[in-house]
Amino acid sequence: MSENGVHTDPAAIADLTDAARAEHSAVAADGSKAGYRAGRTLPVRVELVRQLRRRRTQLVLGFLVLLPFILVVAFELGQASPNRRAGGFVDLATASGVNFVILTLFVSGSFLLPMIVALFFGDTIASEASWSSLKYLLAAPIPRHRLLRRKALASGLMSVFALALLPAVALVVGVVWYGAGEAVSPTGEAASFGAGVYGVALAVVYISIHLFWVAGLALYLSVSTDAPLGAVGGAVLASILSQILDQITALEGLRDYLPTHYALAWADLLSSDVDWSGMAKGTFSALAYGAFFTLLAARKFARKDITS
């Protein structure tokens, strides 16, 4: 024990001294510590593990698994007819397992799916700032552009996984309850089960691309604020506002420039003669908006004074 009453371990002090002497503190030509490699910082797998361990991620994924069962219970209570061969998405939901998946995508596409993408991208940087851990990540040091890329990539992978998880679970649930019958479109056309599954897969791919604009906007808001809720809520409100404006027919051709105007273009895949023009325009619109907001986010984050 020292004179100040602090307990010391002579053996431990000797080990620390030896370790300090053995540590190499050489400096490279660019001023960094010898052996430092920026490309080795913040691997994507590390960020994915962090995301999966978060309670909000587990709740979101759990709800996506639960949603098809909730819809089945709703249809059972409503005594839906499984033999219906005409009508809208809701009327045809119980015609087959594929139709049930289509209904699930239809009811979740306007709010739930955009919210999930906004949650993963809007929370990614803003949450670190709210926890006051962002400055420590950059001091690690992780280059800013790499930090943003890795965060965005992890958020993108989580979003795609969530967007694929919902229809996958819905397909299993739908086949169990309503069978692997033909996929019936609102126009009365019927397709085989295999063709229906293929069409649903293409629809999920299109929805993932279409929501890129939400991802870009949420990422921009995430680097612009220290409040995760503000970033997520801002992107969701923008999506809702766009959908409201899209319903105003007085805007006429101006509606074509709204980011949500082609949100349901994937419904054309249900027809035997697929019209790709709507999905092509929707893809271009989403990529243009998404790229614009992503570039704004990168520019903002590169120049931002990080104090949290």
# chains A, B, ... in the order shown; residues from 1 in each chain; ligands from 1

$ residues_around --residues "Val172 of chain A" --least-positions-apart "5" --cutoff "12 Å" --atoms "only C-alpha atoms" --output "VMD selection string"
chain A and resid 65 68 to 69 72 96 to 101 165 to 167 177 to 180 197

$ write_last_selection --atoms "all heavy atoms" --output "short mmCIF file (atom, residue, chain, number, x, y, z; two decimals), in the first residue's frame"
data_model
loop_
_atom_site.label_atom_id
_atom_site.label_comp_id
_atom_site.auth_asym_id
_atom_site.auth_seq_id
_atom_site.Cartn_x
_atom_site.Cartn_y
_atom_site.Cartn_z
N VAL A 65 -42.69 -10.83 -38.52
CA VAL A 65 -43.04 -12.25 -38.46
C VAL A 65 -44.47 -12.43 -37.98
O VAL A 65 -45.21 -13.31 -38.45
CB VAL A 65 -42.05 -13.01 -37.56
CG1 VAL A 65 -42.50 -14.45 -37.34
CG2 VAL A 65 -40.65 -12.99 -38.15
N PRO A 68 -48.29 -11.46 -40.61
CA PRO A 68 -49.12 -12.39 -41.40
C PRO A 68 -50.11 -13.19 -40.56
O PRO A 68 -51.24 -13.45 -41.00
CB PRO A 68 -48.07 -13.31 -42.06
CG PRO A 68 -46.84 -12.48 -42.13
CD PRO A 68 -46.86 -11.66 -40.88
N PHE A 69 -49.71 -13.57 -39.36
CA PHE A 69 -50.62 -14.30 -38.49
C PHE A 69 -51.79 -13.41 -38.05
O PHE A 69 -52.93 -13.88 -37.93
CB PHE A 69 -49.87 -14.82 -37.26
CG PHE A 69 -48.85 -15.88 -37.58
CD1 PHE A 69 -47.52 -15.55 -37.77
CD2 PHE A 69 -49.23 -17.22 -37.69
CE1 PHE A 69 -46.58 -16.52 -38.06
CE2 PHE A 69 -48.30 -18.20 -37.98
CZ PHE A 69 -46.97 -17.86 -38.17
N VAL A 72 -54.19 -13.32 -40.93
CA VAL A 72 -54.94 -14.58 -41.03
C VAL A 72 -56.09 -14.59 -40.01
O VAL A 72 -57.22 -14.95 -40.34
CB VAL A 72 -54.01 -15.79 -40.81
CG1 VAL A 72 -54.83 -17.05 -40.54
CG2 VAL A 72 -53.12 -16.00 -42.02
N SER A 96 -55.42 -17.88 -52.54
CA SER A 96 -54.23 -18.74 -52.54
C SER A 96 -53.16 -18.13 -51.66
O SER A 96 -53.27 -16.98 -51.22
CB SER A 96 -53.69 -18.94 -53.96
OG SER A 96 -53.15 -17.72 -54.45
N GLY A 97 -52.11 -18.89 -51.42
CA GLY A 97 -51.01 -18.39 -50.62
C GLY A 97 -50.33 -17.20 -51.25
O GLY A 97 -49.94 -16.24 -50.57
N VAL A 98 -50.19 -17.22 -52.58
CA VAL A 98 -49.55 -16.10 -53.28
C VAL A 98 -50.40 -14.84 -53.16
O VAL A 98 -49.88 -13.73 -52.95
CB VAL A 98 -49.31 -16.45 -54.76
CG1 VAL A 98 -48.76 -15.25 -55.52
CG2 VAL A 98 -48.35 -17.63 -54.89
N ASN A 99 -51.71 -14.98 -53.31
CA ASN A 99 -52.59 -13.83 -53.14
C ASN A 99 -52.51 -13.24 -51.74
O ASN A 99 -52.62 -12.03 -51.55
CB ASN A 99 -54.04 -14.21 -53.46
CG ASN A 99 -54.31 -14.25 -54.94
OD1 ASN A 99 -54.23 -15.29 -55.58
ND2 ASN A 99 -54.63 -13.10 -55.51
N PHE A 100 -52.30 -14.09 -50.76
CA PHE A 100 -52.15 -13.61 -49.39
C PHE A 100 -50.89 -12.77 -49.25
O PHE A 100 -50.89 -11.74 -48.55
CB PHE A 100 -52.11 -14.79 -48.42
CG PHE A 100 -52.01 -14.40 -46.98
CD1 PHE A 100 -53.09 -13.86 -46.31
CD2 PHE A 100 -50.81 -14.56 -46.29
CE1 PHE A 100 -52.98 -13.47 -44.97
CE2 PHE A 100 -50.70 -14.19 -44.97
CZ PHE A 100 -51.78 -13.65 -44.30
N VAL A 101 -49.81 -13.17 -49.91
CA VAL A 101 -48.58 -12.39 -49.89
C VAL A 101 -48.80 -11.03 -50.55
O VAL A 101 -48.33 -10.00 -50.06
CB VAL A 101 -47.43 -13.14 -50.60
CG1 VAL A 101 -46.16 -12.31 -50.58
CG2 VAL A 101 -47.19 -14.48 -49.95
N LEU A 165 -38.17 -10.59 -45.44
CA LEU A 165 -38.69 -11.43 -44.37
C LEU A 165 -40.21 -11.44 -44.35
O LEU A 165 -40.84 -12.51 -44.20
CB LEU A 165 -38.15 -10.95 -43.02
CG LEU A 165 -38.65 -11.70 -41.78
CD1 LEU A 165 -38.20 -13.15 -41.80
CD2 LEU A 165 -38.17 -11.00 -40.50
N LEU A 166 -40.81 -10.29 -44.51
CA LEU A 166 -42.28 -10.19 -44.44
C LEU A 166 -42.97 -11.06 -45.50
O LEU A 166 -43.82 -11.89 -45.16
CB LEU A 166 -42.71 -8.73 -44.56
CG LEU A 166 -44.23 -8.49 -44.57
CD1 LEU A 166 -44.86 -8.99 -43.28
CD2 LEU A 166 -44.53 -7.00 -44.77
N PRO A 167 -42.65 -10.92 -46.79
CA PRO A 167 -43.32 -11.77 -47.78
C PRO A 167 -42.95 -13.25 -47.65
O PRO A 167 -43.77 -14.11 -47.98
CB PRO A 167 -42.86 -11.20 -49.12
CG PRO A 167 -41.60 -10.47 -48.83
CD PRO A 167 -41.77 -9.93 -47.44
N TRP A 177 -52.50 -21.94 -44.81
CA TRP A 177 -53.92 -21.66 -44.58
C TRP A 177 -54.75 -21.71 -45.86
O TRP A 177 -55.89 -22.16 -45.83
CB TRP A 177 -54.08 -20.29 -43.92
CG TRP A 177 -54.30 -20.37 -42.44
CD1 TRP A 177 -55.50 -20.40 -41.79
CD2 TRP A 177 -53.28 -20.44 -41.42
NE1 TRP A 177 -55.29 -20.48 -40.43
CE2 TRP A 177 -53.94 -20.50 -40.17
CE3 TRP A 177 -51.89 -20.43 -41.45
CZ2 TRP A 177 -53.26 -20.57 -38.98
CZ3 TRP A 177 -51.20 -20.50 -40.26
CH2 TRP A 177 -51.88 -20.58 -39.04
N TYR A 178 -54.20 -21.24 -46.96
CA TYR A 178 -55.02 -21.09 -48.16
C TYR A 178 -54.53 -21.93 -49.35
O TYR A 178 -55.13 -21.85 -50.42
CB TYR A 178 -55.08 -19.61 -48.55
CG TYR A 178 -55.53 -18.73 -47.42
CD1 TYR A 178 -54.69 -17.75 -46.89
CD2 TYR A 178 -56.78 -18.89 -46.84
CE1 TYR A 178 -55.08 -16.95 -45.84
CE2 TYR A 178 -57.19 -18.10 -45.78
CZ TYR A 178 -56.33 -17.13 -45.28
OH TYR A 178 -56.74 -16.34 -44.23
N GLY A 179 -53.47 -22.67 -49.17
CA GLY A 179 -53.02 -23.59 -50.20
C GLY A 179 -52.11 -22.96 -51.24
O GLY A 179 -51.96 -21.74 -51.32
N ALA A 180 -51.50 -23.82 -52.06
CA ALA A 180 -50.57 -23.38 -53.11
C ALA A 180 -51.29 -23.36 -54.45
O ALA A 180 -50.84 -23.95 -55.44
CB ALA A 180 -49.35 -24.30 -53.16
N VAL A 197 -45.10 -16.90 -57.39
CA VAL A 197 -43.97 -16.69 -56.48
C VAL A 197 -42.89 -15.86 -57.16
O VAL A 197 -42.28 -14.97 -56.55
CB VAL A 197 -43.40 -18.04 -56.00
CG1 VAL A 197 -42.11 -17.83 -55.21
CG2 VAL A 197 -44.43 -18.77 -55.14
#

$ select_by_dssp --residues "segment 9-222 of chain A" --states "helix (DSSP H, G or I)" --output "JSON, numbers by chain"
{"A": [10, 11, 12, 13, 14, 15, 16, 17, 18, 19, 20, 21, 22, 38, 39, 40, 44, 45, 46, 47, 48, 49, 50, 51, 52, 53, 55, 56, 57, 58, 59, 60, 61, 62, 63, 64, 65, 66, 67, 68, 69, 70, 71, 72, 73, 74, 75, 76, 77, 78, 97, 98, 99, 100, 101, 102, 103, 104, 105, 106, 107, 108, 112, 113, 114, 115, 116, 117, 118, 119, 120, 121, 122, 123, 124, 125, 126, 127, 128, 129, 130, 134, 135, 136, 137, 138, 144, 145, 146, 147, 148, 149, 150, 151, 152, 153, 154, 155, 156, 157, 158, 159, 160, 161, 162, 163, 164, 165, 166, 167, 168, 169, 170, 171, 172, 173, 174, 175, 176, 177, 178, 193, 194, 195, 196, 197, 198, 199, 200, 201, 202, 203, 204, 205, 206, 207, 208, 209, 210, 212, 213, 214, 215, 216, 217, 218, 219, 220, 221, 222]}

$ residues_around --residues "segment 217-222 of chain A" --least-positions-apart "5" --cutoff "12 Å" --atoms "only C-alpha atoms" --output "ChimeraX atom specification"
/A:114-130,148-149,151-153,155-156,211-212,227-239,259,286-302,304

$ atom_distance --atom1 "atom CA of Leu64 of chain A" --atom2 "atom CA of Ala168 of chain A"
10.1 Å

$ closest_residue --among "A:Met158, A:Ala267, A:Leu138, A:Gly78" --to "Thr57 of chain A" --atoms "only C-alpha atoms"
A:Met158

$ closest_residue --among "A:Arg37, A:Leu258, A:Leu59, A:Thr94" --to "Val173 of chain A" --atoms "only C-alpha atoms"
A:Thr94

$ select_by_dssp --residues "segment 65-221 of chain A" --states "strand (DSSP E)" --output "list in words"
Ala183, Val184, Ala190 and Ala191 of chain A

$ write_last_selection --atoms "N, CA and C atoms" --output "PDB file, in the first residue's frame"
ATOM      1  N   ALA A 183     -52.373 -17.974 -58.569  1.00  0.00           N
ATOM      2  CA  ALA A 183     -52.408 -16.566 -58.182  1.00  0.00           C
ATOM      3  C   ALA A 183     -53.411 -15.858 -59.082  1.00  0.00           C
ATOM      4  N   VAL A 184     -54.419 -15.237 -58.486  1.00  0.00           N
ATOM      5  CA  VAL A 184     -55.488 -14.587 -59.240  1.00  0.00           C
ATOM      6  C   VAL A 184     -55.315 -13.082 -59.149  1.00  0.00           C
ATOM      7  N   ALA A 190     -55.338 -15.689 -64.106  1.00  0.00           N
ATOM      8  CA  ALA A 190     -54.768 -16.640 -63.158  1.00  0.00           C
ATOM      9  C   ALA A 190     -53.391 -17.090 -63.640  1.00  0.00           C
ATOM     10  N   ALA A 191     -52.479 -17.284 -62.701  1.00  0.00           N
ATOM     11  CA  ALA A 191     -51.123 -17.755 -63.003  1.00  0.00           C
ATOM     12  C   ALA A 191     -50.798 -18.910 -62.074  1.00  0.00           C
TER      13      ALA A 191
END

$ closest_residue --among "A:Ala195, A:Thr283, A:Ala250, A:Thr187" --to "Leu264 of chain A" --atoms "only C-alpha atoms"
A:Thr283

$ closest_atom_pairs --of "segment 154-263 of chain A" --to "segment 268-273 of chain A" --cutoff "12 Å" --atoms "only C-alpha atoms" --output "JSON lines"
{"residue": "A:Glu182", "atom": "CA", "partner": "A:Leu270", "partner_atom": "CA", "distance": 11.5}
{"residue": "A:Ala183", "atom": "CA", "partner": "A:Leu270", "partner_atom": "CA", "distance": 8.2}
{"residue": "A:Val184", "atom": "CA", "partner": "A:Leu270", "partner_atom": "CA", "distance": 7.9}
{"residue": "A:Ser185", "atom": "CA", "partner": "A:Leu270", "partner_atom": "CA", "distance": 5.6}
{"residue": "A:Pro186", "atom": "CA", "partner": "A:Leu270", "partner_atom": "CA", "distance": 8.3}
{"residue": "A:Thr187", "atom": "CA", "partner": "A:Ser271", "partner_atom": "CA", "distance": 7.9}
{"residue": "A:Gly188", "atom": "CA", "partner": "A:Ser271", "partner_atom": "CA", "distance": 9.3}
{"residue": "A:Glu189", "atom": "CA", "partner": "A:Ser271", "partner_atom": "CA", "distance": 6.9}
{"residue": "A:Ala190", "atom": "CA", "partner": "A:Ser272", "partner_atom": "CA", "distance": 8.2}
{"residue": "A:Ala191", "atom": "CA", "partner": "A:Ser272", "partner_atom": "CA", "distance": 7.7}
{"residue": "A:Ser192", "atom": "CA", "partner": "A:Ser272", "partner_atom": "CA", "distance": 10.9}
{"residue": "A:Ala195", "atom": "CA", "partner": "A:Leu270", "partner_atom": "CA", "distance": 9.6}
{"residue": "A:Gly196", "atom": "CA", "partner": "A:Leu270", "partner_atom": "CA", "distance": 7.8}
{"residue": "A:Val197", "atom": "CA", "partner": "A:Leu270", "partner_atom": "CA", "distance": 10.6}
{"residue": "A:Tyr198", "atom": "CA", "partner": "A:Leu269", "partner_atom": "CA", "distance": 9.5}
{"residue": "A:Gly199", "atom": "CA", "partner": "A:Leu269", "partner_atom": "CA", "distance": 5.9}
{"residue": "A:Val200", "atom": "CA", "partner": "A:Leu269", "partner_atom": "CA", "distance": 8.1}
{"residue": "A:Ala201", "atom": "CA", "partner": "A:Leu269", "partner_atom": "CA", "distance": 10.1}
{"residue": "A:Leu202", "atom": "CA", "partner": "A:Leu269", "partner_atom": "CA", "distance": 7.9}
{"residue": "A:Ala203", "atom": "CA", "partner": "A:Leu269", "partner_atom": "CA", "distance": 7.3}
{"residue": "A:Val204", "atom": "CA", "partner": "A:Leu269", "partner_atom": "CA", "distance": 11.1}
{"residue": "A:Val205", "atom": "CA", "partner": "A:Leu269", "partner_atom": "CA", "distance": 11.8}
{"residue": "A:Tyr206", "atom": "CA", "partner": "A:Leu269", "partner_atom": "CA", "distance": 10.4}
{"residue": "A:Tyr262", "atom": "CA", "partner": "A:Asp268", "partner_atom": "CA", "distance": 10.9}
{"residue": "A:Ala263", "atom": "CA", "partner": "A:Asp268", "partner_atom": "CA", "distance": 11.4}
